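Chemist: Okay, handing you the structure first.
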Amino acid sequence: MADENDIQAQPGAPAAVEGGEAQTEGRGPGRGRGNRGGGDRNRGDRGGRGRRDDRRGGNRDEEQGEELIEKLVHINRVSKTVKGGKRFGFAALVVVGDGKGRAGFGHGKAREVPEAISKATAAAKKAMVRVPLKEGRTLHHDGLGHFGAGKVTVRSAPAGTGIIAGGPMRAVFESLGVADVVTKSNGTSNPYNMIRATFAALGEQTSPKSVAQRRGKKVADLLRRGGASAEVAQADAEAIAE
């Protein structure tokens, strides 16, 4: 009897084992395939996001690849009073421009000077503004800027004048790409206020082309009101339009 039970159990045992293996294989590979499929889909999603990130990264690289003029205007040692005493750091003021009519300034603080300069440079790149230039070398018209106790005056100048400006204002015009300008600063020598007042004056600069578009007129019509003849006004208008 024992032998018969053993014999009966033996044929059944392999069947149970085979069934168990079959079920296990049925569940295991199914789950494996599902996981692999999900993994493929996830990898595909990650790949898609990676491609989008690559495109964005390419744009950032193009922006960073642009040659920029960086000017360190001022650096100051600052301190913060904490429970254990004073914690010293550095504050940097940087002006950045492309030399083609775009410039910006930024401020950064850090425990070390290089890190403060890098922070200020990154902030300046984000805050760049475009200023219309006449013939790519000077301003279109005079302007006034005011910030705090700082008051600045900027004036266009003929070719060969150069940059007549001092301190922080010179850094702004050099990074902006202005070759001929006359400036005057009154009220304060604080570089932060001088820089902000200078950018306030530059923000009011307009070109004849933008004024003509805003008023719905032609550039030649605006130039003729200054007393120029029709031929001269038309030639100047074509030069500005280019």
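Please note that chains go A, B, ... in the order of the structure tokens, that every chain numbers its residues from 1, and that ligands are numbered from 1 in the order shown.
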Restrict the calculation to only C-alpha atoms, then for each residue of region 121-196 of chain A with any atom at most 12 Å from an atom of region 94-115 of chain A give the closest atom pair and their distance in Å to one decimal, rows by chain and rising residue number, as a tab-separated table.

Modeler:
```
residue	atom	partner	partner_atom	distance
A:Thr121	CA	A:Val94	CA	5.9
A:Ala122	CA	A:Gly106	CA	7.4
A:Ala123	CA	A:Gly106	CA	4.7
A:Ala124	CA	A:Gly106	CA	4.0
A:Lys125	CA	A:Gly104	CA	6.4
A:Lys126	CA	A:Gly104	CA	7.8
A:Ala127	CA	A:Gly104	CA	5.3
A:Met128	CA	A:Gly104	CA	3.9
A:Val129	CA	A:Arg102	CA	5.4
A:Arg130	CA	A:Arg102	CA	4.4
A:Val131	CA	A:Gly101	CA	5.2
A:Pro132	CA	A:Gly101	CA	6.4
A:Leu133	CA	A:Gly101	CA	6.5
A:Lys134	CA	A:Gly101	CA	10.1
A:Glu135	CA	A:Lys100	CA	11.0
A:Gly136	CA	A:Lys100	CA	7.3
A:Arg137	CA	A:Lys100	CA	9.1
A:Thr138	CA	A:Gly101	CA	9.9
A:Leu139	CA	A:Gly101	CA	10.1
A:Pro168	CA	A:Val95	CA	8.8
A:Met169	CA	A:Val95	CA	9.9
A:Arg170	CA	A:Val95	CA	10.3
A:Ala171	CA	A:Val95	CA	6.9
A:Val172	CA	A:Val95	CA	6.3
A:Phe173	CA	A:Ala103	CA	8.6
A:Glu174	CA	A:Gly99	CA	7.2
A:Ser175	CA	A:Gly97	CA	4.4
A:Leu176	CA	A:Gly99	CA	4.7
A:Gly177	CA	A:Gly99	CA	3.8
A:Val178	CA	A:Gly99	CA	7.6
A:Ala179	CA	A:Gly99	CA	9.8
A:Pro191	CA	A:Val94	CA	10.6
A:Tyr192	CA	A:His107	CA	9.1
A:Asn193	CA	A:Phe105	CA	11.8
A:Met194	CA	A:Phe105	CA	11.5
A:Ile195	CA	A:Phe105	CA	7.8
A:Arg196	CA	A:Phe105	CA	8.6
```

Chemist: Quick one, how far is CA of Ala200 (chain A) from CA of Leu144 (chain A)?

Modeler: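 CA of Leu144 (chain A) lies at a distance of 7.8 Å from CA of Ala200 (chain A).
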
Chemist: For Ala165 (chain A), please output as a compact mmCIF listing (two decimals) with N, CA, C and O atoms, in the first residue's frame all residues within 8 Å (counting only C-alpha atoms; exclusion window: fewer than 2 positions along the same chain).

Modeler:
```txt
# COMPACT_ATOMS: atom_id res chain seq x y z
N ILE A 163 34.06 108.07 -24.88
CA ILE A 163 33.20 107.92 -23.71
C ILE A 163 33.69 108.88 -22.63
O ILE A 163 34.73 108.64 -22.00
N GLY A 167 33.90 106.31 -13.56
CA GLY A 167 33.46 105.32 -12.59
C GLY A 167 32.49 104.31 -13.15
O GLY A 167 32.71 103.74 -14.24
N MET A 169 29.60 104.58 -14.54
CA MET A 169 28.92 104.90 -15.79
C MET A 169 29.76 104.48 -17.00
O MET A 169 29.22 104.05 -18.02
N ARG A 170 31.07 104.59 -16.90
CA ARG A 170 31.92 104.17 -18.00
C ARG A 170 31.78 102.67 -18.25
O ARG A 170 31.74 102.22 -19.41
N VAL A 181 29.77 109.36 -26.20
CA VAL A 181 28.72 109.82 -25.29
C VAL A 181 29.35 110.78 -24.28
O VAL A 181 30.54 110.67 -23.95
N VAL A 182 28.54 111.72 -23.83
CA VAL A 182 28.97 112.68 -22.81
C VAL A 182 28.01 112.54 -21.63
O VAL A 182 26.77 112.58 -21.83
N THR A 183 28.53 112.36 -20.43
CA THR A 183 27.68 112.14 -19.26
C THR A 183 28.12 113.04 -18.12
O THR A 183 29.24 113.55 -18.09
N LYS A 184 27.21 113.21 -17.19
CA LYS A 184 27.49 113.96 -15.97
C LYS A 184 26.67 113.37 -14.84
O LYS A 184 25.48 113.09 -15.00
```

Chemist: Enumerate as a PyMOL selection string all residues of region 69-233 of chain A assigned to alpha helix (DSSP H) by DSSP on the backbone, naming them with the chain letters and numbers the document uses.

Modeler: chain A and resi 113-126+168-176+191-203+208-215+219-224+230-233

Chemist: Record the distance separating CA of Glu204 (chain A) and CA of Ile69 (chain A), expressed in Å with one decimal.

Modeler: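 Going from CA of Glu204 (chain A) over to CA of Ile69 (chain A), I get 22.8 Å.
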
Chemist: If I take CA of Ser207 (chain A) and CA of Asp180 (chain A), how far is one from the other in Å, to one decimal?

Modeler: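 Taking CA of Ser207 (chain A) as the start and CA of Asp180 (chain A) as the end point, the length is 16.7 Å.
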
Chemist: Tell me which of A:Arg155, A:Ala92, A:Ile75, A:His140 sits closest to Ser210 (chain A), counting only C-alpha atoms.

Modeler: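 Distance minimum relative to Ser210 (chain A) lands on A:His140.
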
Chemist: Applying 10 Å and only C-alpha atoms, which residues near His146 (chain A) remain after dropping the ones on its own chain fewer than 3 positions away? List them as an MDAnalysis selection string.

Modeler: chainID A and resid 149:153 185:187 193:194 196:201
